[in-house]
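Peer 1: Next up is a structure, given as C-alpha cells.
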Amino acid sequence: MRRRRTTKAAVKILPLAETLVGANILSEGLFGTDGWTFLSSGTFLNPNAPIRADGTSKITLQEMINWRGDSGNVGSSHAAEYGTGIGGVLMSNLKKNWFEIMLKTTIAGFGFRILPKLMRKPINNANKLLKMGTQGVVKI
C-alpha cells in the first residue's frame, strides 16, 4: 500500500502582515501605543520604553497586569479626569479614536484584498523562488 504524501503547512506572509497591521491599528486606537510597545514595554525586549505613561492616555500590557485597582498606576491625572483605572482610559481612547480605527481598518482590509490581485505575477515569481529556498514552507 502506498503511503499518502502530505504537504507541509506553509506560513503565508500576506495574511500574517494583515493580522499585524490590524493589531497595530487597534493598539494605537485603544491603548495609545503601537503594538510592539504595548506588548514589550517594561521587558528585556524593549527596556527603553517606559512601563507606564504617567498622566497620559497611553496604556501598556505591563501596566494592565500590575493594575492595583485604583488610579495610582494608570496615568493618575488622566484616570482622575476620565474615571478610575483602565476602563475609563480605554473608553476615552475609544471615544476619541473610533472613527480613525474604523477608517484605517477598512482601508487596510481593502488594501490587503486588492494588493494580491494587482501583484499576482510578482507574487507567483516570489513564491517560486521561496519554494526553492524553503521547500514550500513560506509563501506570500
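How things are named: the first chain in the C-alpha cells is A, the next is B, and so on; residues count from 1 in each chain; ligands count from 1 in the order shown.
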Fewer than 4 positions away in the same chain doesn't count, so skip those; otherwise give me all residues within 12 Å of Thr19 in chain A, counting only C-alpha atoms, as an NGL selection string.
Peer 2: :A and (12-15 or 23-26 or 35 or 105 or 108-109 or 112)
Peer 1: Next, write the just-selected residues to a file, as a tab-separated table (two decimals), in the first residue's frame, keeping N, CA and C atoms as the atom set.
Peer 2:
```tsv
chain	number	residue	atom	x	y	z
A	12	LYS	N	2.06	31.82	5.41
A	12	LYS	CA	1.73	32.80	4.38
A	12	LYS	C	1.98	34.20	4.92
A	13	ILE	N	2.76	34.95	4.18
A	13	ILE	CA	3.23	36.25	4.66
A	13	ILE	C	2.13	37.32	4.62
A	14	LEU	N	1.33	37.38	3.55
A	14	LEU	CA	0.31	38.43	3.45
A	14	LEU	C	-0.75	38.35	4.55
A	15	PRO	N	-1.33	37.18	4.85
A	15	PRO	CA	-2.28	37.14	5.97
A	15	PRO	C	-1.63	37.47	7.31
A	23	ALA	N	-3.80	44.47	14.29
A	23	ALA	CA	-3.49	44.53	15.72
A	23	ALA	C	-2.85	45.87	16.08
A	24	ASN	N	-2.01	46.37	15.20
A	24	ASN	CA	-1.36	47.66	15.46
A	24	ASN	C	-2.38	48.81	15.42
A	25	ILE	N	-3.33	48.75	14.50
A	25	ILE	CA	-4.37	49.78	14.41
A	25	ILE	C	-5.19	49.80	15.70
A	26	LEU	N	-5.60	48.63	16.17
A	26	LEU	CA	-6.38	48.57	17.40
A	26	LEU	C	-5.57	49.01	18.61
A	35	GLY	N	1.65	48.45	18.68
A	35	GLY	CA	1.53	47.08	19.19
A	35	GLY	C	2.79	46.57	19.87
A	105	THR	N	-8.90	50.47	9.55
A	105	THR	CA	-9.20	49.05	9.38
A	105	THR	C	-9.83	48.78	8.01
A	108	ALA	N	-7.10	49.27	5.29
A	108	ALA	CA	-6.15	48.15	5.31
A	108	ALA	C	-6.80	46.88	4.75
A	109	GLY	N	-8.07	46.64	5.10
A	109	GLY	CA	-8.77	45.46	4.59
A	109	GLY	C	-8.89	45.48	3.07
A	112	PHE	N	-5.40	44.90	1.51
A	112	PHE	CA	-4.95	43.51	1.52
A	112	PHE	C	-5.80	42.60	0.64
```
Peer 1: Contacts of Trp36 in chain A at 10 Å or less, counting only C-alpha atoms, minus same-chain residues fewer than 4 places along, as a PyMOL selection string?
Peer 2: chain A and resi 20+23-24+27+40-41+45-46+60
Peer 1: Go ahead and write the selection's residues with N, CA and C atoms as a PDB file, in the first residue's frame.
Peer 2:
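The resulting file, again_35.pdb, is shown below:
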```pdb
ATOM      1  N   LEU A  20      -1.000  41.598  11.664  1.00  0.00           N
ATOM      2  CA  LEU A  20      -0.150  42.528  12.407  1.00  0.00           C
ATOM      3  C   LEU A  20      -0.592  43.978  12.222  1.00  0.00           C
ATOM      4  N   ALA A  23      -3.799  44.465  14.291  1.00  0.00           N
ATOM      5  CA  ALA A  23      -3.494  44.534  15.723  1.00  0.00           C
ATOM      6  C   ALA A  23      -2.854  45.867  16.080  1.00  0.00           C
ATOM      7  N   ASN A  24      -2.005  46.374  15.204  1.00  0.00           N
ATOM      8  CA  ASN A  24      -1.364  47.662  15.462  1.00  0.00           C
ATOM      9  C   ASN A  24      -2.377  48.806  15.422  1.00  0.00           C
ATOM     10  N   SER A  27      -4.309  48.629  18.648  1.00  0.00           N
ATOM     11  CA  SER A  27      -3.452  49.015  19.764  1.00  0.00           C
ATOM     12  C   SER A  27      -3.262  50.529  19.823  1.00  0.00           C
ATOM     13  N   SER A  40       5.746  44.858  24.638  1.00  0.00           N
ATOM     14  CA  SER A  40       7.105  44.656  25.138  1.00  0.00           C
ATOM     15  C   SER A  40       7.581  45.686  26.147  1.00  0.00           C
ATOM     16  N   SER A  41       6.816  46.713  26.418  1.00  0.00           N
ATOM     17  CA  SER A  41       7.246  47.750  27.338  1.00  0.00           C
ATOM     18  C   SER A  41       7.489  47.162  28.729  1.00  0.00           C
ATOM     19  N   LEU A  45      12.850  42.884  26.074  1.00  0.00           N
ATOM     20  CA  LEU A  45      12.751  43.108  24.633  1.00  0.00           C
ATOM     21  C   LEU A  45      12.755  44.590  24.276  1.00  0.00           C
ATOM     22  N   ASN A  46      12.281  45.425  25.189  1.00  0.00           N
ATOM     23  CA  ASN A  46      12.171  46.855  24.936  1.00  0.00           C
ATOM     24  C   ASN A  46      12.460  47.605  26.236  1.00  0.00           C
ATOM     25  N   THR A  60       0.103  50.301  28.715  1.00  0.00           N
ATOM     26  CA  THR A  60       0.906  49.171  28.263  1.00  0.00           C
ATOM     27  C   THR A  60       0.389  47.891  28.911  1.00  0.00           C
TER      28      THR A  60
END
```
Peer 1: So that I can see what lies close to Pro116 in chain A, please list as a tab-separated table (two decimals) with C-alpha atoms, in the first residue's frame the residues with an atom at most 10 Å from it, counting only C-alpha atoms and leaving out residues fewer than 6 positions away in the same chain.
Peer 2:
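Ended up saving to result_0.tsv:
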```
chain	number	residue	atom	x	y	z
A	14	LEU	CA	0.31	38.43	3.45
A	122	PRO	CA	5.37	39.19	-8.96
A	123	ILE	CA	3.87	37.22	-6.05
A	124	ASN	CA	3.90	33.99	-8.10
A	140	ILE	CA	3.49	35.24	0.04
```
Peer 1: Between CA of Ser92 in chain A and CA of Thr37 in chain A, what is the distance, to one decimal in Å?
Peer 2: 19.9 Å
Peer 1: Compare A:Gly111, A:Lys96, A:Met64, A:Arg2 by their minimum atom-to-atom distance to Glu28 in chain A, counting only C-alpha atoms, and give me the closest one.
Peer 2: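 Looking at the shortest contact to Glu28 in chain A, the residue is A:Lys96.
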Peer 1: A:Glu63, A:Gly22, A:Ala17, A:Lys121: which is nearest Phe38 in chain A, counting only C-alpha atoms?
Peer 2: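 Among A:Glu63, A:Gly22, A:Ala17, A:Lys121, it is A:Glu63 that comes nearest to Phe38 in chain A.
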Peer 1: CA of Lys139 in chain A and CA of Leu39 in chain A, how far apart in Å?
Peer 2: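 So the answer is 26.7 Å.
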